[in-house]
Amino acid sequence: MTDQTHIRNFCIIAHIDHGKSTLADRLLEFTGTVSKRELMEQTLDQMELEREKGITIKAQAVRMRYTALNGEEYELNLIDTPGHVDFTYEVSRSLAACEGALLVIDATQGVEAQTLANLYLAVEADLNIIPVINKIDLPSADPERVKQEVEEVVGLPKEECILASAKEGTGTQDILEAIIKHIPPPKGYVNRPLRALVFDSHYDAYKGVIAYVRVVDGKLRQGERVTMMATSSVTEILEAGYFHPRLVSDGALTTGEVGYIATGFKNVKDCRVGDTVTVPGAIGEIEALAGYKPAKPMVFAGIYPVEGNDYPLLRDALDRLQLNDASLVYQPETSNALGFGFRCGFLGLLHMEIIQERLEREYNLAILATAPSVEYYVTRTNGETEIVDNPSAMPSFGEIEKIEEPFMDISIFTPSRYIGAIMELVTTRRGIFKEMKYIEAERVLLNYAMPLAELIVDFYDQLKSRTQGYASLDYSLAGYQDSDLVKLDILVNGVAVDALSLIVHREKAYYQGRALVEKLRSLIPRQLFEVPIQAAIGARVIARETVKAMRKDVLAKCYGGDITRKRKLLEKQKEGKKRMKMVGNVEIPQEAFMAVLSLED
Ligand SMILES: Nc1nc2c(ncn2[C@@H]2O[C@H](COP(=O)(O)OP(=O)(O)OP(=O)(O)O)[C@@H](O)[C@H]2O)c(=O)[nH]1
């Protein structure tokens, strides 16, 4: 156990792809925490999905030992933070476990939207910031320009910037020395009762929930009884230790240290991110650490098994995913069209995508997801208010006094040549212009208020494609606002398909209704009979298309000859069918339920 003066707790914050993981690897290697060979596997990103998507979902912590140029040995705890806006709360708790942060900026790119978003969080958490300009080995690197940006945009003296190439290892020692010098040691009370911050947790089949903790005051030991202040759950610490980068169980953690405890809890709900661990005897005597917030889902969608029989399997899979992910919420729902399924709440679209993929890959389930929706506050004419997160549950028009929807503050960094294209996109998405700031001659920061419902419909992809990938985006919840919204129903073969209902702005309803039925016509395969597709607001039909009847005989083309080809075609058709759902007497493919996500603006 190290005394506080020789501990430094820090994290690395960066915009996506600016080199956070690579720099972490260099630090681990330089301090001898892991060998080069072990680094072949990306050490900090563990889940396969994370690696594939190139993002870090779960915060982790690694302890390093470093002998500084002053001859003294220090314990450095590097806390890895998730890099995506869906996980801002997790980021803020990881930052709360640190005293300082390395702010990594790509020397070829400069400051980006998430550089600033993360920086603001770090400043809020009172961290000392060390700016690191990375990738200086690249020919297009312009460290002088980026230094200037650090001074003007970030507000740190440019002399403090450390130039580095995480790829080649340049600057690694300078960074370690700066950590010792510029990041203050923890200042907890050794003799007070235990207070430890849970900044992440995950479920382990053998050890139960493993909580990643920062000990703020006091100490904790294996075998000790502890309680979680927000959830009041009590348990015994089965194991305590740190990551090196694998678990090293050494029985205790003391003031200022970062490490893990195995809690034996069966569900991460008992041990939430942001909660305070203490000893039962201290309850009433001490205050919980500030900042605890239960996760708040922002995006909702129905998830249904393609095969009705798989419903119990889907429920088990969601139960198991939730053991490890307290921010995933779900409850059973029934749809006239899709049968029994679940209404699920997610932190954002990326979170939704991750859960869908895990259900399919890890649990081998064929599922159908409905288009994502947000949470509306609906006031009825009788004065009652309710929260509606499923368009099909929206009360009928005559019963509604007003509907409020979530608005986001969004900021976009972009080269100034794309301002026009962005303005146009944001305007079609009901965005309200707030501010434009020039960061340098040719780069601007644009601020808008925009409904979340418009943001989750492929806004990010559109932004990227209209700016050739140059613009970066960040957003946070601003609050709820009144909007003139209506429910758009879709009728297939004369029957309203609840899972296709949408909430849209009145002014866009006609256009969206048209675009959607056209798209559905192209997505719904021809059946043996003619299938009308209609969009309606209340009883008024606003658009109609027809899927013509056709006998779809895939074997007709084979002239009876080649049997392997025949089998292949049949298999292909079966494959195609997997994602079809019989709604009434019409087969509707998965894509139809997501069609609204890919309408042209
Ligand atoms: N040339 C050069 N490439 C680098 C350097 N540092 C990182 N890279 C490359 O930049 C890319 C992104 O690096 P990562 O370390 O994965 O970036 P990250 O910030 O962790 O990305 P996320 O986990 O997605 O947030 C990778 O292809 C790295 O090999 C550097 O100093 N020089």
# chains A, B, ... in the order shown; residues from 1 in each chain; ligands from 1
call {"tool": "residues_near_ligand", "arguments": {"ligand": "ligand 1", "cutoff": "7 Å", "atoms": "only C-alpha atoms and all ligand atoms", "output": "PyMOL selection string"}}
result
chain A and resi 14-23+54-56+83+134-138+164-168
call {"tool": "residues_around", "arguments": {"residues": "Val444 of chain A", "least_positions_apart": "5", "cutoff": "6 Å", "atoms": "only C-alpha atoms", "output": "PyMOL selection string"}}
result
chain A and resi 413-414+416+437-439
call {"tool": "write_last_selection", "arguments": {"atoms": "C-alpha atoms", "output": "tab-separated table (two decimals), in the first residue's frame"}}
result
chain	number	residue	atom	x	y	z
A	413	PHE	CA	-17.11	21.48	-35.08
A	414	THR	CA	-16.52	21.92	-38.76
A	416	SER	CA	-16.14	26.71	-42.30
A	437	LYS	CA	-17.84	30.84	-33.01
A	438	TYR	CA	-14.74	30.91	-35.15
A	439	ILE	CA	-12.06	28.71	-33.58
call {"tool": "residues_around", "arguments": {"residues": "Lys296 of chain A", "least_positions_apart": "4", "cutoff": "12 Å", "atoms": "only C-alpha atoms", "output": "list of chain:residue names"}}
result
A:Asp86, A:Phe87, A:Thr88, A:Tyr89, A:Glu90, A:Phe300, A:Ala326, A:Ser327, A:Leu328, A:Val329, A:Gly345, A:Phe346, A:Leu347, A:Gly348, A:Val374, A:Glu375, A:Leu477
call {"tool": "write_last_selection", "arguments": {"atoms": "C-alpha atoms", "output": "compact mmCIF listing (two decimals), in the first residue's frame"}}
result
# COMPACT_ATOMS: atom_id res chain seq x y z
CA ASP A 86 -24.01 7.89 -24.94
CA PHE A 87 -21.85 7.17 -21.91
CA THR A 88 -21.28 10.68 -20.54
CA TYR A 89 -22.39 9.80 -17.03
CA GLU A 90 -19.90 6.92 -16.83
CA PHE A 300 -36.69 3.55 -26.61
CA ALA A 326 -27.71 -1.23 -15.20
CA SER A 327 -28.58 1.37 -17.82
CA LEU A 328 -30.52 -1.11 -19.95
CA VAL A 329 -34.19 -1.07 -18.95
CA GLY A 345 -34.75 1.89 -22.97
CA PHE A 346 -31.19 2.78 -23.99
CA LEU A 347 -28.74 5.58 -23.23
CA GLY A 348 -28.51 6.37 -26.92
CA VAL A 374 -37.93 9.27 -27.42
CA GLU A 375 -39.92 9.91 -24.26
CA LEU A 477 -30.02 17.12 -22.89
call {"tool": "closest_residue", "arguments": {"among": "A:Lys36, A:Arg26, A:Lys187, A:Lys434", "to": "Asp409 of chain A", "atoms": "only C-alpha atoms"}}
result
A:Lys434
call {"tool": "atom_distance", "arguments": {"atom1": "atom CA of Lys207 of chain A", "atom2": "atom CA of Ile237 of chain A"}}
result
10.4 Å
call {"tool": "atom_distance", "arguments": {"atom1": "atom CA of Asp25 of chain A", "atom2": "atom CA of Ala107 of chain A"}}
result
18.7 Å
call {"tool": "closest_residue", "arguments": {"among": "A:Val154, A:Glu177, A:Gln468, A:Asp319", "to": "Ala113 of chain A", "atoms": "only C-alpha atoms"}}
result
A:Val154
call {"tool": "atom_distance", "arguments": {"atom1": "atom CA of Gly218 of chain A", "atom2": "atom CA of Arg195 of chain A"}}
result
6.6 Å
call {"tool": "select_by_dssp", "arguments": {"residues": "segment 119-348 of chain A", "states": "strand (DSSP E)", "output": "PyMOL selection string"}}
result
chain A and resi 128-134+162-163+195-204+208-217+220-221+225-228+234-236+239-243+247-249+252-253+258-262+276-278+299-305+329-335+339-346
call {"tool": "closest_residue", "arguments": {"among": "A:Leu69, A:Leu102, A:Ala290, A:Ala543", "to": "Ala24 of chain A", "atoms": "only C-alpha atoms"}}
result
A:Leu102
call {"tool": "residues_around", "arguments": {"residues": "Ala96 of chain A", "least_positions_apart": "2", "cutoff": "9 Å", "atoms": "only C-alpha atoms", "output": "PDB file with N, CA and C atoms, in the first residue's frame"}}
result
ATOM      1  N   VAL A  91     -18.437   8.506 -17.940  1.00  0.00           N
ATOM      2  CA  VAL A  91     -17.214   9.305 -18.068  1.00  0.00           C
ATOM      3  C   VAL A  91     -17.077  10.214 -16.850  1.00  0.00           C
ATOM      4  N   SER A  92     -18.172  10.873 -16.463  1.00  0.00           N
ATOM      5  CA  SER A  92     -18.081  11.839 -15.372  1.00  0.00           C
ATOM      6  C   SER A  92     -17.693  11.146 -14.066  1.00  0.00           C
ATOM      7  N   ARG A  93     -18.148   9.905 -13.852  1.00  0.00           N
ATOM      8  CA  ARG A  93     -17.778   9.182 -12.625  1.00  0.00           C
ATOM      9  C   ARG A  93     -16.314   8.735 -12.667  1.00  0.00           C
ATOM     10  N   SER A  94     -15.845   8.353 -13.856  1.00  0.00           N
ATOM     11  CA  SER A  94     -14.434   7.980 -13.975  1.00  0.00           C
ATOM     12  C   SER A  94     -13.568   9.197 -13.686  1.00  0.00           C
ATOM     13  N   CYS A  98     -10.400  10.677 -10.393  1.00  0.00           N
ATOM     14  CA  CYS A  98      -9.038  11.138 -10.727  1.00  0.00           C
ATOM     15  C   CYS A  98      -8.755  12.526 -10.167  1.00  0.00           C
ATOM     16  N   GLU A  99      -7.469  12.879 -10.162  1.00  0.00           N
ATOM     17  CA  GLU A  99      -7.081  14.265  -9.866  1.00  0.00           C
ATOM     18  C   GLU A  99      -6.590  14.992 -11.119  1.00  0.00           C
ATOM     19  N   ALA A 122     -14.000  17.366 -17.472  1.00  0.00           N
ATOM     20  CA  ALA A 122     -12.800  17.272 -16.633  1.00  0.00           C
ATOM     21  C   ALA A 122     -12.628  18.531 -15.786  1.00  0.00           C
ATOM     22  N   ALA A 125     -14.931  18.480 -12.987  1.00  0.00           N
ATOM     23  CA  ALA A 125     -14.469  17.549 -11.949  1.00  0.00           C
ATOM     24  C   ALA A 125     -13.206  18.082 -11.270  1.00  0.00           C
ATOM     25  N   ASP A 126     -12.808  19.318 -11.623  1.00  0.00           N
ATOM     26  CA  ASP A 126     -11.661  19.957 -10.951  1.00  0.00           C
ATOM     27  C   ASP A 126     -10.326  19.299 -11.228  1.00  0.00           C
ATOM     28  N   LEU A 127     -10.179  18.705 -12.397  1.00  0.00           N
ATOM     29  CA  LEU A 127      -8.943  17.994 -12.691  1.00  0.00           C
ATOM     30  C   LEU A 127      -7.874  18.933 -13.231  1.00  0.00           C
ATOM     31  N   LEU A 197     -15.748   5.507  -4.062  1.00  0.00           N
ATOM     32  CA  LEU A 197     -16.625   5.790  -5.204  1.00  0.00           C
ATOM     33  C   LEU A 197     -16.617   4.622  -6.186  1.00  0.00           C
ATOM     34  N   PHE A 199     -16.861   3.658  -9.748  1.00  0.00           N
ATOM     35  CA  PHE A 199     -16.892   4.369 -11.037  1.00  0.00           C
ATOM     36  C   PHE A 199     -17.174   3.434 -12.193  1.00  0.00           C
ATOM     37  N   ARG A 214     -12.651   3.929  -6.261  1.00  0.00           N
ATOM     38  CA  ARG A 214     -11.619   4.844  -5.825  1.00  0.00           C
ATOM     39  C   ARG A 214     -11.885   5.077  -4.341  1.00  0.00           C
ATOM     40  N   GLY A 291     -22.799  13.399  -6.575  1.00  0.00           N
ATOM     41  CA  GLY A 291     -22.881  13.100  -8.009  1.00  0.00           C
ATOM     42  C   GLY A 291     -23.582  11.817  -8.392  1.00  0.00           C
TER      43      GLY A 291
END
call {"tool": "closest_residue", "arguments": {"among": "A:Thr255, A:Gln148, A:Ser35, A:Asn390", "to": "Ile303 of chain A", "atoms": "only C-alpha atoms"}}
result
A:Asn390
